[in-house]
$ cat entry_23.txt   # compact mmCIF, C-alpha atoms
# COMPACT_ATOMS: atom_id res chain seq x y z
CA MET A 112 106.60 82.52 104.88
CA HIS A 113 103.51 84.62 105.58
CA SER A 114 100.13 83.18 104.67
CA GLU A 115 98.16 84.62 101.79
CA VAL A 116 94.96 83.35 103.39
CA SER A 117 93.29 86.34 104.99
CA LEU A 118 91.00 84.43 107.33
CA ARG A 119 93.80 83.17 109.58
CA SER A 120 95.45 86.58 109.80
CA ARG A 121 92.11 88.18 110.59
CA HIS A 122 91.54 85.96 113.57
CA GLY A 123 95.06 86.68 114.72
CA ARG A 124 94.57 90.37 114.18
CA PHE A 125 91.67 90.43 116.57
CA GLY A 126 93.82 88.54 119.05
CA LEU A 127 96.43 91.29 118.88
CA TRP A 128 93.74 93.92 119.05
CA LEU A 129 92.59 92.39 122.27
CA ILE A 130 96.03 92.29 123.78
CA GLY A 131 96.73 95.78 122.54
CA CYS A 132 92.95 97.09 123.85
CA LEU A 133 107.41 106.45 96.68
CA LEU A 134 105.74 109.37 96.21
CA ALA A 135 102.97 109.65 93.61
CA THR A 136 105.40 110.30 90.80
CA ALA A 137 107.11 107.01 91.44
CA PHE A 138 104.13 105.12 90.11
CA PRO A 139 104.21 104.32 86.40
CA VAL A 140 100.49 104.91 85.88
CA SER A 141 99.55 108.58 86.06
CA ALA A 142 96.46 110.66 85.43
CA MET A 143 95.80 111.48 81.80
CA ALA A 144 95.12 115.10 80.86
CA GLU A 145 92.18 114.07 78.66
CA PRO A 146 90.13 110.88 78.94
CA ALA A 147 90.79 108.39 76.19
CA ALA A 148 87.98 107.98 73.68
CA CYS A 149 85.61 105.04 74.10
CA ASP A 150 86.27 102.01 71.92
CA ARG A 151 83.04 100.34 72.93
CA GLY A 152 80.01 101.11 75.09
CA VAL A 153 77.64 99.03 77.16
CA THR A 154 74.36 99.91 78.89
CA PRO A 155 72.61 98.26 81.84
CA GLU A 156 70.31 96.41 79.42
CA HIS A 157 73.26 94.41 78.12
CA ASP A 158 75.51 91.72 79.60
CA LEU A 159 78.62 93.41 80.98
CA GLN A 160 80.61 90.17 81.30
CA ALA A 161 79.83 89.18 77.71
CA THR A 162 80.90 92.61 76.50
CA LEU A 163 84.21 92.33 78.35
CA ASP A 164 84.78 88.87 76.92
CA GLN A 165 84.26 90.19 73.40
CA LEU A 166 87.06 92.76 73.61
CA PRO A 167 89.94 92.01 71.21
CA ASP A 168 92.22 89.23 72.40
CA ASP A 169 95.42 91.19 71.87
CA ASP A 170 97.57 93.79 73.61
CA SER A 171 95.76 96.83 72.24
CA ARG A 172 94.38 99.34 74.70
CA GLN A 173 90.60 99.15 74.93
CA VAL A 174 88.31 101.66 76.63
CA LEU A 175 84.93 100.23 77.61
CA CYS A 176 82.46 102.96 78.58
CA LEU A 177 79.60 102.02 80.88
CA GLY A 178 76.41 103.98 80.43
CA SER A 179 74.33 105.55 83.17
CA GLY A 180 71.96 103.43 85.24
CA GLU A 181 72.23 100.38 87.46
CA PHE A 182 73.89 97.20 86.20
CA GLN A 183 72.10 94.48 88.21
CA LEU A 184 74.47 91.55 88.69
CA ASP A 185 73.75 88.02 89.87
CA SER A 186 77.38 86.89 89.64
CA MET A 187 80.79 88.52 89.78
CA VAL A 188 82.28 90.34 86.81
CA THR A 189 85.87 89.32 86.04
CA LEU A 190 88.41 91.17 83.94
CA THR A 191 91.58 89.30 82.97
CA ARG A 192 92.53 91.39 79.93
CA ASN A 193 95.52 93.74 80.15
CA ASN A 194 95.49 97.33 78.84
CA THR A 195 91.83 97.97 79.59
CA ILE A 196 89.94 100.98 80.94
CA LEU A 197 86.46 100.59 82.47
CA ARG A 198 84.86 104.02 82.72
CA GLY A 199 81.43 104.99 83.92
CA GLU A 200 79.61 108.28 83.42
CA GLY A 201 80.20 109.27 87.03
CA ARG A 202 79.92 107.64 90.41
CA ASP A 203 76.46 109.16 90.84
CA LYS A 204 75.29 107.83 87.47
CA THR A 205 76.78 104.41 86.71
CA VAL A 206 76.32 101.67 89.33
CA LEU A 207 77.47 98.04 89.42
CA LYS A 208 75.20 96.39 91.98
CA MET A 209 75.19 92.82 93.21
CA LYS A 210 71.62 91.61 93.59
CA ASP A 211 70.30 91.35 97.11
CA GLY A 212 71.11 88.10 98.84
CA VAL A 213 73.95 87.11 96.49
CA SER A 214 77.23 86.35 98.30
CA SER A 215 79.87 87.21 95.72
CA PRO A 216 82.58 89.70 94.83
CA VAL A 217 81.30 92.35 92.45
CA LEU A 218 84.34 93.05 90.25
CA VAL A 219 87.55 91.00 90.15
CA LEU A 220 90.61 92.22 88.25
CA GLY A 221 92.85 89.26 87.50
CA ASP A 222 92.62 85.49 87.64
CA ALA A 223 89.81 84.46 89.99
CA MET A 224 89.76 80.81 88.96
CA HIS A 225 92.96 79.74 90.74
CA GLN A 226 93.90 80.35 94.36
CA GLN A 227 97.36 81.45 93.22
CA PRO A 228 96.73 83.60 90.13
CA SER A 229 98.24 82.05 87.02
CA ARG A 230 99.47 85.40 85.68
CA LYS A 231 99.53 89.13 86.35
CA ILE A 232 96.93 91.57 85.17
CA GLN A 233 98.54 94.81 84.00
CA ASN A 234 97.64 98.34 82.93
CA VAL A 235 93.99 98.45 84.00
CA GLN A 236 91.93 101.43 85.12
CA VAL A 237 88.48 101.46 86.73
CA GLU A 238 87.01 104.92 87.13
CA SER A 239 83.94 107.11 87.48
CA LEU A 240 81.36 104.63 88.72
CA ALA A 241 79.77 103.21 91.86
CA ILE A 242 80.01 99.65 93.15
CA ARG A 243 77.52 98.15 95.59
CA GLY A 244 78.38 94.86 97.24
CA GLY A 245 76.32 92.17 98.91
CA GLY A 246 76.09 94.00 102.24
CA GLU A 247 75.14 91.58 104.98
CA SER A 248 74.88 88.54 102.72
CA ASP A 249 75.49 85.09 104.16
CA SER A 250 79.19 84.39 103.74
CA GLU A 251 82.43 86.33 103.76
CA PHE A 252 83.89 83.91 101.20
CA PHE A 253 82.63 82.89 97.77
CA ALA A 254 81.10 79.42 98.00
CA ASP A 255 82.40 78.11 94.65
CA LEU A 256 85.92 79.49 95.19
CA PRO A 257 86.40 79.58 98.97
CA TYR A 258 89.80 81.28 98.78
CA LEU A 259 88.07 84.32 97.24
CA SER A 260 86.56 86.82 99.66
CA ASN A 261 83.31 88.55 98.88
CA SER A 262 84.98 91.93 98.70
CA ALA A 263 83.41 94.40 96.31
CA LEU A 264 86.50 95.16 94.18
CA VAL A 265 89.37 92.67 94.19
CA VAL A 266 92.77 93.11 92.49
CA ARG A 267 94.65 89.79 92.21
CA GLN A 268 98.34 90.02 91.32
CA GLY A 269 97.79 93.35 89.58
CA GLU A 270 100.45 95.70 88.27
CA ASP A 271 99.96 99.28 87.09
CA ILE A 272 96.35 99.48 88.28
CA VAL A 273 94.35 102.68 88.81
CA LEU A 274 91.12 102.80 90.83
CA ARG A 275 89.83 106.36 90.64
CA ASP A 276 86.66 108.34 91.38
CA LEU A 277 84.72 105.34 92.64
CA ASP A 278 81.99 105.09 95.27
CA VAL A 279 82.25 101.62 96.84
CA ARG A 280 79.83 100.65 99.60
CA ASP A 281 77.87 97.87 101.27
CA CYS A 282 80.67 95.31 101.00
CA ARG A 283 80.36 91.85 102.59
CA SER A 284 84.11 91.61 103.26
CA ALA A 285 86.45 94.50 102.35
CA CYS A 286 85.30 97.13 99.90
CA VAL A 287 88.67 97.23 98.07
CA LEU A 288 91.16 94.36 98.34
CA THR A 289 94.54 93.97 96.66
CA GLU A 290 96.32 90.63 97.08
CA TYR A 291 99.02 88.29 95.77
CA HIS A 292 101.79 90.87 95.48
CA SER A 293 99.85 93.51 93.58
CA ARG A 294 102.10 96.51 92.98
CA ASP A 295 102.05 99.97 91.44
CA VAL A 296 98.40 100.32 92.35
CA ARG A 297 96.91 103.80 92.67
CA ILE A 298 93.69 104.15 94.70
CA GLU A 299 92.66 107.77 94.33
CA ASN A 300 89.74 110.07 95.13
CA ASN A 301 87.28 107.35 96.09
CA HIS A 302 84.52 107.13 98.68
CA ILE A 303 84.73 103.76 100.47
CA SER A 304 82.29 102.86 103.23
CA HIS A 305 79.98 100.40 104.96
CA ALA A 306 82.11 97.28 104.63
CA GLN A 307 81.28 94.39 106.93
CA TRP A 308 85.02 94.09 107.40
CA ASP A 309 87.69 96.65 106.36
CA GLY A 310 87.26 99.53 103.96
CA VAL A 311 90.56 98.91 102.14
CA SER A 312 92.69 95.78 102.63
CA LEU A 313 96.21 95.50 101.18
CA ASN A 314 97.52 91.93 101.45
CA ARG A 315 101.23 91.50 100.65
CA ALA A 316 101.34 94.66 98.57
CA GLY A 317 104.19 96.28 96.71
CA PRO A 318 104.27 100.03 96.05
CA THR A 319 100.75 101.42 96.42
CA ALA A 320 99.42 104.98 96.46
CA LEU A 321 96.31 105.58 98.56
CA VAL A 322 95.60 109.25 97.98
CA GLY A 323 92.67 111.59 98.56
CA ASN A 324 90.10 108.99 99.62
CA THR A 325 87.31 109.09 102.17
CA ILE A 326 87.22 105.79 104.06
CA ARG A 327 84.59 105.68 106.77
CA ASP A 328 81.83 103.81 108.58
CA ASN A 329 83.32 100.34 108.12
CA VAL A 330 82.68 97.64 110.72
CA ALA A 331 86.38 96.89 111.30
CA ALA A 332 89.30 99.11 110.18
CA GLY A 333 89.38 101.83 107.55
CA LEU A 334 92.67 100.50 106.14
CA THR A 335 94.28 97.18 106.99
CA VAL A 336 97.72 96.04 105.86
CA GLU A 337 99.19 92.53 105.94
CA TYR A 338 102.63 93.48 104.60
CA LEU A 339 102.94 96.73 102.65
CA GLN A 340 106.18 98.11 101.24
CA SER A 341 107.41 101.44 99.83
CA SER A 342 103.99 103.05 99.59
CA GLU A 343 102.36 106.44 100.02
CA ILE A 344 99.20 107.01 102.06
CA ARG A 345 98.29 110.69 102.09
CA ASP A 346 95.46 113.22 102.10
CA ASN A 347 92.82 110.69 103.16
CA VAL A 348 89.93 111.04 105.59
CA ILE A 349 89.74 107.86 107.67
CA ALA A 350 86.88 108.20 110.12
CA ASP A 351 84.13 106.51 112.12
CA ASN A 352 85.42 102.96 111.66
CA GLY A 353 84.51 100.31 114.21
CA SER A 354 88.03 99.26 115.19
CA HIS A 355 91.12 101.12 113.95
CA GLY A 356 91.63 103.86 111.44
CA MET A 357 94.73 102.09 110.07
CA TYR A 358 95.82 98.59 111.08
CA LEU A 359 99.44 98.14 109.98
CA ALA A 360 100.97 94.67 110.26
CA ASP A 361 104.45 94.11 108.84
CA ALA A 362 104.46 97.45 107.02
CA GLU A 363 107.86 98.84 106.02
CA HIS A 364 109.35 101.87 104.23
CA ASN A 365 106.01 103.69 103.85
CA ASP A 366 105.07 107.37 104.06
CA PHE A 367 101.83 108.39 105.79
CA SER A 368 101.12 112.11 105.54
CA ASN A 369 98.36 114.68 105.96
CA ASN A 370 95.66 112.16 106.81
CA GLN A 371 92.66 113.12 108.92
CA ILE A 372 92.07 110.22 111.31
CA GLU A 373 89.08 110.68 113.58
CA ASN A 374 86.33 109.03 115.60
CA ASN A 375 87.63 105.50 115.15
CA GLY A 376 86.58 102.98 117.80
CA MET A 377 90.11 101.94 118.74
CA ALA A 378 93.42 103.38 117.54
CA GLY A 379 93.92 105.93 114.82
CA VAL A 380 97.02 103.89 113.86
CA PHE A 381 97.59 100.37 115.23
CA LEU A 382 101.21 99.32 114.68
CA THR A 383 101.80 95.60 114.95
CA CYS A 384 103.23 92.41 113.41
CA SER A 385 101.98 89.64 111.15
CA VAL A 386 100.27 86.99 113.23
CA ARG A 387 101.53 83.39 113.13
CA GLU A 388 99.30 81.89 115.83
CA ARG A 389 96.26 83.39 117.48
CA ASP A 390 95.79 81.40 120.69
CA PRO A 391 97.99 82.46 122.33
CA VAL A 392 98.85 85.30 119.97
CA LEU A 393 102.31 84.88 118.44
CA CYS A 394 104.00 86.98 115.77
CA TRP A 395 106.12 85.96 112.84
CA ASP A 396 109.74 86.71 113.69
CA ASN A 397 110.90 90.27 112.93
CA SER A 398 107.57 91.21 111.35
CA PHE A 399 106.79 94.31 113.39
CA SER A 400 106.00 97.37 111.23
CA ARG A 401 109.18 99.39 110.74
CA ASP A 402 110.87 102.27 108.97
CA ASN A 403 107.60 104.13 108.42
CA THR A 404 107.30 107.90 108.53
CA PHE A 405 104.12 109.62 109.72
CA THR A 406 103.97 113.35 108.94
CA ASP A 407 101.36 116.02 109.71
CA ASN A 408 98.52 113.59 110.38
CA ARG A 409 95.60 114.79 112.50
CA PHE A 410 94.25 112.42 115.15
CA ASN A 411 90.91 113.56 116.55
CA HIS A 412 88.67 111.74 119.03
CA ASN A 413 90.00 108.22 118.56
CA ARG A 414 90.25 105.94 121.60
CA PHE A 415 94.02 106.01 121.02
CA GLY A 416 96.30 107.89 118.67
CA TYR A 417 99.07 105.35 118.08
CA GLN A 418 98.64 101.96 119.71
CA ILE A 419 101.61 99.57 119.66
CA ALA A 420 101.29 95.76 119.88
CA VAL A 421 104.55 93.78 119.96
CA ASP A 422 105.75 90.47 121.36
CA ASP A 423 109.03 88.66 121.98
CA ALA A 424 109.28 87.50 118.34
CA ALA A 425 108.55 90.86 116.69
CA ASN A 426 109.67 93.93 118.60
CA CYS A 427 112.00 96.92 118.49
CA LEU A 428 114.94 95.67 120.51
CA GLY A 429 118.50 96.05 119.27
CA ARG A 430 117.90 99.34 117.43
CA GLN A 431 119.78 102.53 118.21
CA THR A 432 116.75 104.60 117.22
CA PRO A 433 113.03 103.73 117.02
CA PRO A 434 112.09 102.24 113.63
CA ASN A 435 109.05 104.49 113.11
CA VAL A 436 108.77 108.25 113.45
CA SER A 437 105.86 110.66 113.98
CA ARG A 438 106.71 114.18 112.74
CA GLY A 439 104.33 117.05 113.26
CA ASP A 440 101.29 114.89 113.99
CA THR A 441 98.62 116.39 116.22
CA PHE A 442 96.49 114.56 118.78
CA LYS A 443 93.14 115.75 120.12
CA ASN A 444 91.44 113.38 122.55
CA SER A 445 93.59 110.59 121.10
CA PRO A 446 96.14 109.46 123.72
CA ASN A 447 98.98 107.23 122.57
CA GLU A 448 99.35 103.74 124.07
CA GLU A 449 102.81 102.21 124.14
CA PRO A 450 104.03 98.98 125.79
CA ALA A 451 106.85 98.44 128.26
CA TRP A 452 109.88 99.68 126.30
CA ASP A 453 112.33 98.09 128.73
CA ARG A 454 111.14 94.71 127.47
CA PHE A 455 110.37 95.40 123.81
CA GLY A 456 112.39 98.48 122.87
CA ARG A 457 111.06 101.78 121.61
CA CYS A 458 109.00 101.39 118.43
CA ILE A 459 108.13 105.01 117.59
CA ALA A 460 109.80 108.39 118.03
CA PHE A 461 107.90 111.68 118.24
CA GLU A 462 109.49 114.70 116.58
CA GLY A 463 107.46 117.88 116.82
CA SER A 464 104.20 116.00 117.31
CA LYS A 465 101.91 117.49 119.96
CA THR A 466 98.73 117.05 121.91
CA LEU A 467 96.18 119.81 121.40

$ encode --input "entry_23.txt" --output "structure tokens"
Amino acid sequence: MHSEVSLRSRHGRFGLWLIGCLLATAFPVSAMAEPAACDRGVTPEHDLQATLDQLPDDDSRQVLCLGSGEFQLDSMVTLTRNNTILRGEGRDKTVLKMKDGVSSPVLVLGDAMHQQPSRKIQNVQVESLAIRGGGESDSEFFADLPYLSNSALVVRQGEDIVLRDLDVRDCRSACVLTEYHSRDVRIENNHISHAQWDGVSLNRAGPTALVGNTIRDNVAAGLTVEYLQSSEIRDNVIADNGSHGMYLADAEHNDFSNNQIENNGMAGVFLTCSVRERDPVLCWDNSFSRDNTFTDNRFNHNRFGYQIAVDDAANCLGRQTPPNVSRGDTFKNSPNEEPAWDRFGRCIAFEGSKTL
């Protein structure tokens, strides 16, 4: 069983890094032609958490509209109510900002009070606002609830979630984190940057659509995956991240298409396993990323294009064809790095991909 605790896998991920030196219509939540009318409004002069807590305790849909200005927060905002829309006046007008020096998540969707969420949160949208995290605050984890990372926007066991038209920056851990088997999550048309860890982190995620985002200037990876299944990652710009553009551990049956992946410190795409032990680095059995299709992605000026990290427990042996395929990708100053296939098997096939 893979751990839900991100700290252990992070340490292991860096160990592997060192040794390595479906479609949108399938998602039940879709864009509405016209925004739903506001049921209630709140301005920065009022208590956002209290306003959320006063929404009707029933299954009715509620639209809470956040006015323009900066909501100064000294503790995280939590939303546990289903069928709720949080909408700002625009990501250049409405800002949720954690006060300087506070080590905390900014917005948590779902049950934050238990390490294993007690129930799902369903049918929630957050759109048209900016979120500013704690930046370089003291701790990556929330002191009162140490299983909770100080990511800016956290989705915990969510289902049918839309995160759209957001500007999320200055995050102490990840900027956007989904965890505990969140599924049918759509992360669309957002700007995500300046995380002290990864821009977007998907931890044991079901179907997810990551579409049309700009994810850049994060200390670690632009996107990191610790098990992701049957998802679509397309039309994103993933650039200028400190380690990898995309770090894919135990990712299966996913489509990656038309992404611009450039100027990342290590690989544009790092294909690997889920880490069981970090010293020495050992993988969970049969956890290497597999059955993924990469189509028409553009790799420019990364240290590597694809970089493959496998071991004796998680590899590509015993397959008639490689489990991953690159079709029509282009590589400019992004050489691919692959291990000794006679020992580990071939892990990726190239069909019509070319170096420019």

$ residues_near_point --input "entry_23.txt" --point "(95.7, 81.3, 93.1)" --cutoff "12 Å" --atoms "all atoms listed in the file" --output "list of chain:residue names"
A:Glu115, A:Val116, A:Gly221, A:Asp222, A:Ala223, A:Met224, A:His225, A:Gln226, A:Gln227, A:Pro228, A:Ser229, A:Arg230, A:Lys231, A:Leu256, A:Pro257, A:Tyr258, A:Leu259, A:Arg267, A:Gln268, A:Glu290, A:Tyr291, A:His292

$ atom_distance --input "entry_23.txt" --atom1 "atom CA of A:Thr383" --atom2 "atom CA of A:Asp366"
16.4 Å

$ closest_residue --input "entry_23.txt" --among "A:Ile349, A:Leu274, A:Val322, A:Ala424" --to "A:Asp396" --atoms "only C-alpha atoms"
A:Ala424

$ residues_around --input "entry_23.txt" --residues "A:Ile459" --least-positions-apart "6" --cutoff "6 Å" --atoms "all atoms listed in the file" --output "list in words"
Pro433, Asn435 and Val436 of chain A

$ closest_residue --input "entry_23.txt" --among "A:Thr432, A:Gln340, A:Asn352, A:Ser186" --to "A:Thr325" --atoms "all atoms listed in the file"
A:Asn352

$ atom_distance --input "entry_23.txt" --atom1 "atom CA of A:Ile298" --atom2 "atom CA of A:Gly379"
20.2 Å

$ residues_around --input "entry_23.txt" --residues "A:Leu184" --least-positions-apart "6" --cutoff "8 Å" --atoms "only C-alpha atoms" --output "list in words"
Leu207, Lys208, Met209, Lys210 and Val217 of chain A

$ residues_near_point --input "entry_23.txt" --point "(83.4, 86.7, 88.8)" --cutoff "7 Å" --atoms "all atoms listed in the file" --output "ChimeraX atom specification"
/A:186-189,216,218-219,223

$ residues_around --input "entry_23.txt" --residues "A:Glu363" --least-positions-apart "3" --cutoff "9 Å" --atoms "all atoms listed in the file" --output "number ranges by chain"
A: 338-342, 399-403

$ residues_around --input "entry_23.txt" --residues "A:Asn329" --least-positions-apart "3" --cutoff "9 Å" --atoms "all atoms listed in the file" --output "list in words"
Ala285, Ile303, Ser304, His305, Ala306, Gln307, Trp308, Asp309, Gly310, Ile326, Ala332, Gly333, Ala350, Asp351, Asn352, Gly353 and Ser354 of chain A

$ closest_residue --input "entry_23.txt" --among "A:Asp328, A:Asp390, A:Asp150, A:Asp211" --to "A:Asn375" --atoms "all atoms listed in the file"
A:Asp328

$ closest_residue --input "entry_23.txt" --among "A:Asn347, A:Asn261, A:Ser398, A:Asn300" --to "A:Glu247" --atoms "all atoms listed in the file"
A:Asn261

$ closest_residue --input "entry_23.txt" --among "A:Ile232, A:Phe252, A:Gly463, A:Arg243" --to "A:Glu270" --atoms "all atoms listed in the file"
A:Ile232

$ atom_distance --input "entry_23.txt" --atom1 "atom CA of A:Gly201" --atom2 "atom CA of A:Ser215"
23.7 Å

$ axis_aligned_box --input "entry_23.txt" --around "stretch 441-447 of chain A" --padding-each-side "6 Å" --output "JSON"
{"center_x": 95.2, "center_y": 111.8, "center_z": 120.0, "size_x": 19.5, "size_y": 21.2, "size_z": 19.5}

$ residues_around --input "entry_23.txt" --residues "A:Leu288" --least-positions-apart "3" --cutoff "7 Å" --atoms "all atoms listed in the file" --output "PyMOL selection string"
chain A and resi 262+264-266+285+311-313

$ build_atoms --input "entry_23.txt" --residues "stretch 428-457 of chain A" --atoms "N, CA and C atoms" --output "PDB file, keeping the file's coordinate frame"
ATOM      1  N   LEU A 428     113.674  95.795 119.794  1.00  0.00           N
ATOM      2  CA  LEU A 428     114.940  95.670 120.510  1.00  0.00           C
ATOM      3  C   LEU A 428     116.117  95.711 119.541  1.00  0.00           C
ATOM      4  N   GLY A 429     117.271  96.098 120.060  1.00  0.00           N
ATOM      5  CA  GLY A 429     118.500  96.050 119.270  1.00  0.00           C
ATOM      6  C   GLY A 429     118.623  97.164 118.247  1.00  0.00           C
ATOM      7  N   ARG A 430     117.833  98.213 118.355  1.00  0.00           N
ATOM      8  CA  ARG A 430     117.900  99.340 117.430  1.00  0.00           C
ATOM      9  C   ARG A 430     118.395 100.569 118.182  1.00  0.00           C
ATOM     10  N   GLN A 431     119.289 101.321 117.556  1.00  0.00           N
ATOM     11  CA  GLN A 431     119.780 102.530 118.210  1.00  0.00           C
ATOM     12  C   GLN A 431     118.713 103.615 118.249  1.00  0.00           C
ATOM     13  N   THR A 432     117.840 103.627 117.251  1.00  0.00           N
ATOM     14  CA  THR A 432     116.750 104.600 117.220  1.00  0.00           C
ATOM     15  C   THR A 432     115.456 103.852 116.909  1.00  0.00           C
ATOM     16  N   PRO A 433     114.305 104.391 117.319  1.00  0.00           N
ATOM     17  CA  PRO A 433     113.030 103.730 117.020  1.00  0.00           C
ATOM     18  C   PRO A 433     112.836 103.577 115.512  1.00  0.00           C
ATOM     19  N   PRO A 434     112.219 102.488 115.067  1.00  0.00           N
ATOM     20  CA  PRO A 434     112.090 102.240 113.630  1.00  0.00           C
ATOM     21  C   PRO A 434     110.992 103.039 112.944  1.00  0.00           C
ATOM     22  N   ASN A 435     110.116 103.670 113.703  1.00  0.00           N
ATOM     23  CA  ASN A 435     109.050 104.490 113.110  1.00  0.00           C
ATOM     24  C   ASN A 435     109.136 105.883 113.725  1.00  0.00           C
ATOM     25  N   VAL A 436     108.699 106.888 112.957  1.00  0.00           N
ATOM     26  CA  VAL A 436     108.770 108.250 113.450  1.00  0.00           C
ATOM     27  C   VAL A 436     107.480 108.993 113.136  1.00  0.00           C
ATOM     28  N   SER A 437     107.015 109.768 114.124  1.00  0.00           N
ATOM     29  CA  SER A 437     105.860 110.660 113.980  1.00  0.00           C
ATOM     30  C   SER A 437     106.387 112.089 113.988  1.00  0.00           C
ATOM     31  N   ARG A 438     106.200 112.804 112.858  1.00  0.00           N
ATOM     32  CA  ARG A 438     106.710 114.180 112.740  1.00  0.00           C
ATOM     33  C   ARG A 438     105.544 115.145 112.508  1.00  0.00           C
ATOM     34  N   GLY A 439     105.332 116.002 113.443  1.00  0.00           N
ATOM     35  CA  GLY A 439     104.330 117.050 113.260  1.00  0.00           C
ATOM     36  C   GLY A 439     102.901 116.561 113.314  1.00  0.00           C
ATOM     37  N   ASP A 440     102.668 115.351 113.798  1.00  0.00           N
ATOM     38  CA  ASP A 440     101.290 114.890 113.990  1.00  0.00           C
ATOM     39  C   ASP A 440     100.664 115.647 115.153  1.00  0.00           C
ATOM     40  N   THR A 441      99.338 115.767 115.116  1.00  0.00           N
ATOM     41  CA  THR A 441      98.620 116.390 116.220  1.00  0.00           C
ATOM     42  C   THR A 441      97.587 115.413 116.765  1.00  0.00           C
ATOM     43  N   PHE A 442      97.362 115.509 118.089  1.00  0.00           N
ATOM     44  CA  PHE A 442      96.490 114.560 118.780  1.00  0.00           C
ATOM     45  C   PHE A 442      95.475 115.350 119.613  1.00  0.00           C
ATOM     46  N   LYS A 443      94.212 115.139 119.335  1.00  0.00           N
ATOM     47  CA  LYS A 443      93.140 115.750 120.120  1.00  0.00           C
ATOM     48  C   LYS A 443      92.248 114.623 120.624  1.00  0.00           C
ATOM     49  N   ASN A 444      92.205 114.472 121.945  1.00  0.00           N
ATOM     50  CA  ASN A 444      91.440 113.380 122.550  1.00  0.00           C
ATOM     51  C   ASN A 444      91.806 112.037 121.915  1.00  0.00           C
ATOM     52  N   SER A 445      93.076 111.818 121.705  1.00  0.00           N
ATOM     53  CA  SER A 445      93.590 110.590 121.100  1.00  0.00           C
ATOM     54  C   SER A 445      94.924 110.233 121.773  1.00  0.00           C
ATOM     55  N   PRO A 446      94.886 109.751 123.017  1.00  0.00           N
ATOM     56  CA  PRO A 446      96.140 109.460 123.720  1.00  0.00           C
ATOM     57  C   PRO A 446      96.863 108.266 123.094  1.00  0.00           C
ATOM     58  N   ASN A 447      98.180 108.328 123.101  1.00  0.00           N
ATOM     59  CA  ASN A 447      98.980 107.230 122.570  1.00  0.00           C
ATOM     60  C   ASN A 447      99.136 106.138 123.628  1.00  0.00           C
ATOM     61  N   GLU A 448      99.157 104.868 123.177  1.00  0.00           N
ATOM     62  CA  GLU A 448      99.350 103.740 124.070  1.00  0.00           C
ATOM     63  C   GLU A 448     100.559 102.942 123.621  1.00  0.00           C
ATOM     64  N   GLU A 449     101.559 102.874 124.480  1.00  0.00           N
ATOM     65  CA  GLU A 449     102.810 102.210 124.140  1.00  0.00           C
ATOM     66  C   GLU A 449     103.133 101.164 125.208  1.00  0.00           C
ATOM     67  N   PRO A 450     103.747 100.049 124.824  1.00  0.00           N
ATOM     68  CA  PRO A 450     104.030  98.980 125.790  1.00  0.00           C
ATOM     69  C   PRO A 450     105.261  99.281 126.643  1.00  0.00           C
ATOM     70  N   ALA A 451     105.690  98.295 127.394  1.00  0.00           N
ATOM     71  CA  ALA A 451     106.850  98.440 128.260  1.00  0.00           C
ATOM     72  C   ALA A 451     108.122  98.419 127.420  1.00  0.00           C
ATOM     73  N   TRP A 452     108.722  99.591 127.197  1.00  0.00           N
ATOM     74  CA  TRP A 452     109.880  99.680 126.300  1.00  0.00           C
ATOM     75  C   TRP A 452     111.108  98.964 126.846  1.00  0.00           C
ATOM     76  N   ASP A 453     111.169  98.804 128.186  1.00  0.00           N
ATOM     77  CA  ASP A 453     112.330  98.090 128.730  1.00  0.00           C
ATOM     78  C   ASP A 453     112.349  96.635 128.292  1.00  0.00           C
ATOM     79  N   ARG A 454     111.200  96.097 127.943  1.00  0.00           N
ATOM     80  CA  ARG A 454     111.140  94.710 127.470  1.00  0.00           C
ATOM     81  C   ARG A 454     111.201  94.607 125.955  1.00  0.00           C
ATOM     82  N   PHE A 455     110.546  95.535 125.254  1.00  0.00           N
ATOM     83  CA  PHE A 455     110.370  95.400 123.810  1.00  0.00           C
ATOM     84  C   PHE A 455     111.128  96.434 122.982  1.00  0.00           C
ATOM     85  N   GLY A 456     111.734  97.415 123.610  1.00  0.00           N
ATOM     86  CA  GLY A 456     112.390  98.480 122.870  1.00  0.00           C
ATOM     87  C   GLY A 456     111.395  99.546 122.436  1.00  0.00           C
ATOM     88  N   ARG A 457     111.936 100.696 122.061  1.00  0.00           N
ATOM     89  CA  ARG A 457     111.060 101.780 121.610  1.00  0.00           C
ATOM     90  C   ARG A 457     110.737 101.583 120.132  1.00  0.00           C
TER      91      ARG A 457
END
